[in-house]
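> Quick one: the structure is below, questions incoming.
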Amino acid sequence: MALTWAGFMRRREFIAGLTAAVAVAPVGLARAQTRNPAPLKRIALVHPTEKPAGMTIDGRRTFKAFFTELRRLSYVEDSNVIIDRFSGLGHSNQSDDLVAEVLAVKPDVIVALSGSLALRFKQKTATVPIVAPSSDPVAIGLVASMARPGGNVTGASVDGGFDLWGKRVQLLSEIAGGRVTNVRFLLAAPVDWWEKSSAHIQADARRAGISIAPMWLDQRIDRAAYERAYATMMSDGVNGVVLFDSAEHITNRKLIVDLAVEHRLPAIYPYREFVEVGGLLSYGVDLADVLRRLADITDKILKGARPGDIPINQQVKFELVLNKATAIAEGMTPPATLIAAADEIIE
């Protein structure tokens, strides 16, 4: 069965309730005469790899943004809302068990922090609202359209379309001075998105004189899986990496960056979180803002809105972040044009 933290969370809630009951026992008769309060709303927060202990306001900045926004919207955990945290801990082959465990707590809304995970939930329930970020929710079959999702799923898109991936390939070639010719597109698991998008991405790469092919991880996403992937890339003569915007990659960002630096493989990442731990450069949306948007959407659903009527939030701002120290360490001199275009340079 998939490892989750749900048992701990429910146990903690039970103990807290028991303690409170003992504390107020002397006035139990008076309390019995009051009207029973409405049951608390329940949010299931689900991540494919992140440990539940880190899914708090004190966790990484994306979770901080999510919980801070909920607090701004007057949600106080265990006071007027219950938040159950679940994680697949990288066991993607056990996702059905994870989905079943989440649905068993009867959440009012599921916040699934992965497009592929959200799709699993959609396949199992047509009634529980699902809020999720994804690259292209229409392409992977999550929603009918961006403006009117329909069904029980909505959320935010973190993708800028095919042009975004072409831009990433171009930036990778630019910083590497043209030495990147054989690139791997690193995905956490096989997804329909690649089948529908690969022709456009490969065409953009060919125009830049680059050959690009997918590289999949094993079903169990852990250190060994990433190490095998990088070993395979090195044996195949790969000299550049484009990282897909998988939630699994974000959890393992330090490991991924360390492997790229160790093998001196120029890599472009989807989010600044990778560059902040030593990655070469990133081009993408601000994930913290995406999580704030998901909190806003969650609030609307808890107040009665139907997910199918809430448009998919589309990010319009993309930031370029460059780690100059990593570039120099890998023998690259970032061109002046790239430095001028960067939104932030980490020295």
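Lettering and numbering for the structure tokens are positional, with chains as A, B, ... in the shown order, residues counted from 1 in each chain, and ligands counted from 1 in the shown order.
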Can you list, as a list in words, all residues belonging to region 97-141 of chain A that DSSP tags as helix (DSSP H, G or I)?
Asp97, Leu98, Val99, Ala100, Glu101, Val102, Leu103, Ala104, Gly115, Ser116, Leu117, Ala118, Leu119, Arg120, Phe121, Lys122, Gln123 and Lys124 of chain A
> Find the residues near region 193-197 of chain A: any atom within 10 Å, counting only C-alpha atoms, skip ones fewer than 5 places away on the same chain, and give them as a count of residues only.
16
> Env of Leu73 (chain A): 10 Å cut, atoms = only C-alpha atoms, seq-sep filter 4 positions within chain, self excluded. Answer as number ranges by chain.
A: 67-69, 295-296, 299
> Considering only C-alpha atoms, can you say which of A:Glu248, A:Asp192, A:Glu276, A:Glu344 comes closest to Glu50 (chain A)?
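Going through A:Glu248, A:Asp192, A:Glu276, A:Glu344 one by one, the smallest distance to Glu50 (chain A) is for A:Glu248.
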> In Å, how far is it from CA of Ala118 (chain A) to CA of Arg42 (chain A)?
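Straight-line distance from CA of Ala118 (chain A) to CA of Arg42 (chain A) works out to 17.4 Å.
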> Using only C-alpha atoms, which of the listed residues (A:Leu171, A:Ile43, A:Ile310, A:Ala224) sits closest to Val241 (chain A)?
A:Leu171
> So which residues touch Pro107 (chain A) within 8 Å, counting only C-alpha atoms, skipping near sequence neighbours fewer than 2 positions away, as a PyMOL selection string?
chain A and resi 41-44+102-103+105+109-110+128
> CA of Pro129 (chain A) to CA of Gly88 (chain A): how many Å, to one decimal?
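Spanning CA of Pro129 (chain A) to CA of Gly88 (chain A) is a straight-line distance of 19.8 Å.
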> So that I can see what lies close to Asn239 (chain A), please list as a list in words the residues with an atom at most 7 Å from it, counting only C-alpha atoms and leaving out residues fewer than 2 positions away in the same chain.
Val180, Thr181, Asn182, Val183, Gly237, Leu265 and Pro266 of chain A
> Just checking: using only C-alpha atoms, which residue out of A:Ala132, A:Leu45, A:Ala38, A:Met55 ends up closest to Asn313 (chain A)?
A:Ala132
> Which parts of region 18-179 of chain A does DSSP call strand (DSSP E) when run on the backbone here, written out as a list in words?
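The residues of region 18-179 of chain A classed as strand (DSSP E) are Lys41, Arg42, Ile43, Ala44, Leu45, Val46, His47, Val81, Ile82, Ile83, Asp84, Arg85, Phe86, Ser87, Val109, Ile110, Val111, Ala112, Ile130, Val131, Ala132, Pro133, Ser134, Val153, Thr154, Gly155, Ala156 and Ser157 of chain A.
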> For the residues in that selection, give me C-alpha atoms as a tab-separated table (two decimals), in the first residue's frame.

chain	number	residue	atom	x	y	z
A	41	LYS	CA	-14.49	21.40	5.61
A	42	ARG	CA	-11.75	18.95	4.61
A	43	ILE	CA	-8.94	19.54	2.12
A	44	ALA	CA	-6.81	16.64	0.91
A	45	LEU	CA	-3.37	17.91	-0.12
A	46	VAL	CA	-1.64	15.27	-2.23
A	47	HIS	CA	1.88	15.18	-3.67
A	81	VAL	CA	-10.73	23.51	8.13
A	82	ILE	CA	-9.05	20.09	8.24
A	83	ILE	CA	-6.09	19.48	5.94
A	84	ASP	CA	-5.02	15.88	5.36
A	85	ARG	CA	-1.62	15.47	3.75
A	86	PHE	CA	-0.83	12.51	1.53
A	87	SER	CA	2.26	11.48	-0.41
A	109	VAL	CA	-11.76	19.17	-2.30
A	110	ILE	CA	-8.57	17.45	-3.45
A	111	VAL	CA	-5.52	19.58	-4.21
A	112	ALA	CA	-3.39	17.23	-6.32
A	130	ILE	CA	-10.05	18.37	-7.89
A	131	VAL	CA	-7.69	21.34	-8.07
A	132	ALA	CA	-4.33	20.85	-9.76
A	133	PRO	CA	-1.44	22.47	-11.60
A	134	SER	CA	-0.47	20.88	-14.91
A	153	VAL	CA	-11.39	19.43	-12.28
A	154	THR	CA	-9.87	22.90	-12.48
A	155	GLY	CA	-6.59	24.53	-11.49
A	156	ALA	CA	-3.66	26.31	-13.09
A	157	SER	CA	-1.52	25.79	-16.17
> Considering only C-alpha atoms, return as a list of chain:residue names whatever protein or nucleic-acid residues lie within 7 Å of Pro311 (chain A), sequence-local ones (same chain, fewer than 5 positions apart) excluded.
A:Met146, A:Ala147, A:Arg148, A:Pro149, A:Thr154
> Selected residues, C-alpha atoms, written as a short mmCIF file (atom, residue, chain, number, x, y, z; two decimals), in the first residue's frame, please.

data_model
loop_
_atom_site.label_atom_id
_atom_site.label_comp_id
_atom_site.auth_asym_id
_atom_site.auth_seq_id
_atom_site.Cartn_x
_atom_site.Cartn_y
_atom_site.Cartn_z
CA MET A 146 -9.21 26.30 -20.41
CA ALA A 147 -12.14 28.73 -20.18
CA ARG A 148 -14.78 26.19 -19.16
CA PRO A 149 -13.11 23.07 -17.76
CA THR A 154 -9.87 22.90 -12.48
#
> Could you pull the residues within 9 Å of Asp289 (chain A), counting only C-alpha atoms, minus those fewer than 6 positions along the same chain, as a PDB file with C-alpha atoms, in the first residue's frame?

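In the end it all went to around_32.pdb:
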ATOM      1  CA  THR A  62       5.594  27.089  -2.662  1.00  0.00           C
ATOM      2  CA  ALA A  65       2.603  30.553  -0.403  1.00  0.00           C
ATOM      3  CA  PHE A  66      -0.306  28.081  -0.428  1.00  0.00           C
ATOM      4  CA  GLN A 315       0.312  32.274 -15.994  1.00  0.00           C
TER       5      GLN A 315
END
> What is the distance, in Å and to one decimal place, between CA of His91 (chain A) and CA of Asp218 (chain A)?
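One can read the CA of His91 (chain A) to CA of Asp218 (chain A) distance as 9.7 Å.
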> When distances are computed from only C-alpha atoms, which of A:Leu186, A:Ala341, A:Leu89, A:Leu302 shows the smallest separation from Leu40 (chain A)?
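Counting only C-alpha atoms, the residue closest to Leu40 (chain A) is A:Leu302.
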